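Colleague: Can you read through this structure? Questions will come right after.
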Amino acid sequence: MFRPHRMSYRVLVAALAAALLATGCGSTSTGGGGGEVKGKVFRSAFVTEQGKPRPLVEGTNVELRFTDDGRLLASAGCNQMQGPVSLDDGKIVVPDLGMTAMGCPSPDLHTQDEWLSKLLRASPSWRMDGTNLVVTGSNAEIVLGPEAPATLEGGTWKLASLVQADAVSSTPAGVEASIRFENGKLNAKLGCNDAFGSYEVEGSTITIGELGHTDKACEPDKMAVEKAVLETLKGQVTYKIDRNNLTLTTTKGDGIGLSK
């Protein structure tokens with residue numbers, strides 16, 4: 001008498017389970033407008049092609065950067081690709097993907113660039129698996145992890161450029177300088193001499209105490225770099241971190257650029 005009732009109950013349970021799976025109650029999700037990835041940078045952790053691992057050129061990775069203003073910047077080790085991107089309905093759509101035309105050091109790098117470009121032009125699907133971004137094309141899949149943002153303290157910032165007024169110049173060849181901020185103590189290598197002192201951080205402002213430094217005679221290029229760094233590390237400077245790049249700007253608008 002009650003057997004049909006029991007069968008109906010089982011069917012109901014099965015239907016509910018199927019509905020829960022369909023709504024994605026696990027850790028995997030896709031986004032409508034891509035809010036989960038905008039403003040973030042992802043780097044490849046694992047790449048497969050036709051179900052097998054696809055090794056990348058040694059020392060390279062796939063990098064995808066989704067800007068807040070709706071653009072995709074991508075690279076696979078040599079050329080840079082970019083274009084306006086739509087992330088609706090779980091698809092990466094870049095209808096006008098441009099790419100630089102630099103000569104790559106090896107044919108393998110050029111081939112890798114073309115492979116990534118072809119994948120992105122084919123509007124692959126995307127989803128979030130925890131904090132990882134998974135991009136899936138017709139015969140390839142890339143699992144990318146989020147790039148950890150650099151912090152002011154911890155690690156060494158290497159001098160990359162000198163800023164004077166609106167002009168930016170690279171560090172002279174053969175001159176290496178760096179700064180390390182750690183627990184209120186500043187240590188800098190100025191290209192020839194060393195400097196040391198204290199600092200405090202409030203918001204985007206660093207207040208630097210009086211610096212002490214060695215006073216060896218150096219070559220002209222090293223002295224020019226040393227002067228620029230010491231002029232920047234005076235009083236209050238504004239700092240800005242963009243990914244792994246640090247800019248220190250004085251109240252006069254001059255400054256230095258560093259990277260990790």
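Chain labels run A, B, ... following the order of the structure tokens; each chain numbers its residues from 1, and ligands are numbered from 1 in the order shown.
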For stretch 233-241 of chain A, find every residue with an atom within 9 Å (counting only C-alpha atoms), except residues of its own chain fewer than 4 positions away, and show them as a list in words.
Modeller: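 Surrounding residues, per the criterion: Pro149, Ala150, Thr151, Leu152, Ser204, Thr205, Ile206, Thr207, Ile208, Gly209, Glu210, Leu211, Ala228, Val229, Asn245, Leu246, Thr247, Leu248, Thr249, Thr250, Thr251 and Gly255 of chain A.
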Colleague: Just to be explicit: take each residue in the selection above, keep N, CA and C atoms, and write the result as a PDB file, in the first residue's frame.
Modeller:
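Dumped to again.pdb:
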ATOM      1  N   PRO A 149      50.215  40.247  -3.799  1.00  0.00           N
ATOM      2  CA  PRO A 149      50.694  41.626  -3.928  1.00  0.00           C
ATOM      3  C   PRO A 149      51.937  41.864  -3.088  1.00  0.00           C
ATOM      4  N   ALA A 150      52.831  42.670  -3.613  1.00  0.00           N
ATOM      5  CA  ALA A 150      54.042  43.007  -2.870  1.00  0.00           C
ATOM      6  C   ALA A 150      53.696  43.915  -1.692  1.00  0.00           C
ATOM      7  N   THR A 151      54.503  43.886  -0.677  1.00  0.00           N
ATOM      8  CA  THR A 151      54.330  44.762   0.489  1.00  0.00           C
ATOM      9  C   THR A 151      55.573  45.610   0.663  1.00  0.00           C
ATOM     10  N   LEU A 152      55.404  46.758   1.294  1.00  0.00           N
ATOM     11  CA  LEU A 152      56.541  47.661   1.478  1.00  0.00           C
ATOM     12  C   LEU A 152      57.644  46.979   2.269  1.00  0.00           C
ATOM     13  N   SER A 204      49.754  56.456   2.908  1.00  0.00           N
ATOM     14  CA  SER A 204      50.661  56.304   1.763  1.00  0.00           C
ATOM     15  C   SER A 204      51.905  57.179   1.907  1.00  0.00           C
ATOM     16  N   THR A 205      52.185  57.620   3.138  1.00  0.00           N
ATOM     17  CA  THR A 205      53.338  58.489   3.384  1.00  0.00           C
ATOM     18  C   THR A 205      54.369  57.791   4.266  1.00  0.00           C
ATOM     19  N   ILE A 206      55.624  57.889   3.856  1.00  0.00           N
ATOM     20  CA  ILE A 206      56.745  57.388   4.657  1.00  0.00           C
ATOM     21  C   ILE A 206      57.513  58.593   5.177  1.00  0.00           C
ATOM     22  N   THR A 207      57.671  58.661   6.485  1.00  0.00           N
ATOM     23  CA  THR A 207      58.495  59.712   7.087  1.00  0.00           C
ATOM     24  C   THR A 207      59.825  59.091   7.449  1.00  0.00           C
ATOM     25  N   ILE A 208      60.881  59.606   6.837  1.00  0.00           N
ATOM     26  CA  ILE A 208      62.211  59.027   7.000  1.00  0.00           C
ATOM     27  C   ILE A 208      63.042  59.890   7.933  1.00  0.00           C
ATOM     28  N   GLY A 209      63.652  59.244   8.929  1.00  0.00           N
ATOM     29  CA  GLY A 209      64.534  59.954   9.843  1.00  0.00           C
ATOM     30  C   GLY A 209      65.868  60.259   9.177  1.00  0.00           C
ATOM     31  N   GLU A 210      66.724  60.929   9.894  1.00  0.00           N
ATOM     32  CA  GLU A 210      68.031  61.280   9.333  1.00  0.00           C
ATOM     33  C   GLU A 210      68.819  60.019   9.013  1.00  0.00           C
ATOM     34  N   LEU A 211      69.394  59.991   7.820  1.00  0.00           N
ATOM     35  CA  LEU A 211      70.162  58.817   7.381  1.00  0.00           C
ATOM     36  C   LEU A 211      71.647  58.992   7.650  1.00  0.00           C
ATOM     37  N   ALA A 228      70.575  60.864  -6.265  1.00  0.00           N
ATOM     38  CA  ALA A 228      69.130  60.790  -6.512  1.00  0.00           C
ATOM     39  C   ALA A 228      68.414  60.007  -5.419  1.00  0.00           C
ATOM     40  N   VAL A 229      69.022  58.913  -4.981  1.00  0.00           N
ATOM     41  CA  VAL A 229      68.398  58.093  -3.939  1.00  0.00           C
ATOM     42  C   VAL A 229      68.385  58.843  -2.616  1.00  0.00           C
ATOM     43  N   ASN A 245      56.040  46.692  -8.196  1.00  0.00           N
ATOM     44  CA  ASN A 245      56.759  47.942  -8.447  1.00  0.00           C
ATOM     45  C   ASN A 245      56.428  48.962  -7.357  1.00  0.00           C
ATOM     46  N   LEU A 246      57.451  49.646  -6.909  1.00  0.00           N
ATOM     47  CA  LEU A 246      57.320  50.660  -5.865  1.00  0.00           C
ATOM     48  C   LEU A 246      57.815  51.998  -6.399  1.00  0.00           C
ATOM     49  N   THR A 247      56.998  53.033  -6.219  1.00  0.00           N
ATOM     50  CA  THR A 247      57.409  54.382  -6.597  1.00  0.00           C
ATOM     51  C   THR A 247      57.470  55.245  -5.345  1.00  0.00           C
ATOM     52  N   LEU A 248      58.603  55.917  -5.152  1.00  0.00           N
ATOM     53  CA  LEU A 248      58.774  56.860  -4.052  1.00  0.00           C
ATOM     54  C   LEU A 248      58.860  58.259  -4.658  1.00  0.00           C
ATOM     55  N   THR A 249      57.969  59.168  -4.215  1.00  0.00           N
ATOM     56  CA  THR A 249      57.903  60.503  -4.797  1.00  0.00           C
ATOM     57  C   THR A 249      58.045  61.558  -3.718  1.00  0.00           C
ATOM     58  N   THR A 250      58.935  62.515  -3.947  1.00  0.00           N
ATOM     59  CA  THR A 250      59.144  63.591  -2.987  1.00  0.00           C
ATOM     60  C   THR A 250      58.076  64.658  -3.165  1.00  0.00           C
ATOM     61  N   THR A 251      58.045  65.622  -2.257  1.00  0.00           N
ATOM     62  CA  THR A 251      57.074  66.715  -2.343  1.00  0.00           C
ATOM     63  C   THR A 251      57.338  67.593  -3.569  1.00  0.00           C
ATOM     64  N   GLY A 255      61.734  61.562  -7.738  1.00  0.00           N
ATOM     65  CA  GLY A 255      61.684  60.319  -6.999  1.00  0.00           C
ATOM     66  C   GLY A 255      62.429  59.195  -7.673  1.00  0.00           C
TER      67      GLY A 255
END
Colleague: Write down as a list in words the residues of stretch 15-222 of chain A whose backbone DSSP state falls under alpha helix (DSSP H).
Modeller: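 Selecting the alpha helix (DSSP H) positions of stretch 15-222 of chain A gives Ala15, Leu16, Ala17, Ala18, Ala19, Leu20, Leu21, Ala22, Pro107, Asp108, Leu109, His110, Thr111, Gln112, Asp113, Glu114, Trp115, Leu116, Ser117, Lys118, Leu119, Leu120, Arg121, Pro220, Asp221 and Lys222 of chain A.
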Colleague: Run DSSP on the backbone and tell me which residues of stretch 18-229 of chain A come out as strand (DSSP E or B); list them as a count of residues only.
Modeller: 88
Colleague: So which residues touch A:Met102 within 10 Å, counting only C-alpha atoms, skipping near sequence neighbours fewer than 4 positions away, as a PyMOL selection string?
Modeller: chain A and resi 78-80+110
Colleague: Let me see the file: selected residues, C-alpha atoms, as an mmCIF file, in the first residue's frame.
Modeller:
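File written: again_2.cif
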data_model
loop_
_atom_site.group_PDB
_atom_site.id
_atom_site.type_symbol
_atom_site.label_atom_id
_atom_site.label_comp_id
_atom_site.auth_asym_id
_atom_site.auth_seq_id
_atom_site.Cartn_x
_atom_site.Cartn_y
_atom_site.Cartn_z
ATOM 1 C CA CYS A 78 57.667 37.275 -24.647
ATOM 2 C CA ASN A 79 55.094 39.557 -26.302
ATOM 3 C CA GLN A 80 52.315 41.434 -24.517
ATOM 4 C CA HIS A 110 57.036 32.802 -30.325
#
Colleague: When you look at A:Ser86 with a cut-off of 8 Å (counting only C-alpha atoms), what residues show up, excluding the ones that are within fewer than 6 positions of it in the same chain? I need them as a PyMOL selection string.
Modeller: chain A and resi 33+70+92-94
Colleague: For the residues selected in the previous step, produce a file with C-alpha atoms as a short mmCIF file (atom, residue, chain, number, x, y, z; two decimals), in the first residue's frame.
Modeller:
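Printed below is result-v2.cif as written:
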data_model
loop_
_atom_site.label_atom_id
_atom_site.label_comp_id
_atom_site.auth_asym_id
_atom_site.auth_seq_id
_atom_site.Cartn_x
_atom_site.Cartn_y
_atom_site.Cartn_z
CA GLY A 33 30.36 40.17 -14.88
CA GLY A 70 37.56 46.19 -18.33
CA ILE A 92 36.45 35.37 -21.78
CA VAL A 93 35.63 37.34 -24.92
CA VAL A 94 38.36 39.59 -26.34
#
Colleague: So how far away is atom CA of A:Gly77 from atom CA of A:Gly59, in Å?
Modeller: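 Interatomic distance, atom CA of A:Gly59 to atom CA of A:Gly77: 8.1 Å.
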Colleague: Under the rule that only C-alpha atoms are counted, which of A:Arg121, A:Lys252, A:Arg65, A:Lys260 is the nearest residue to A:Pro146?
Modeller: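 When distances to A:Pro146 are compared using only C-alpha atoms, the smallest one comes from A:Arg65.
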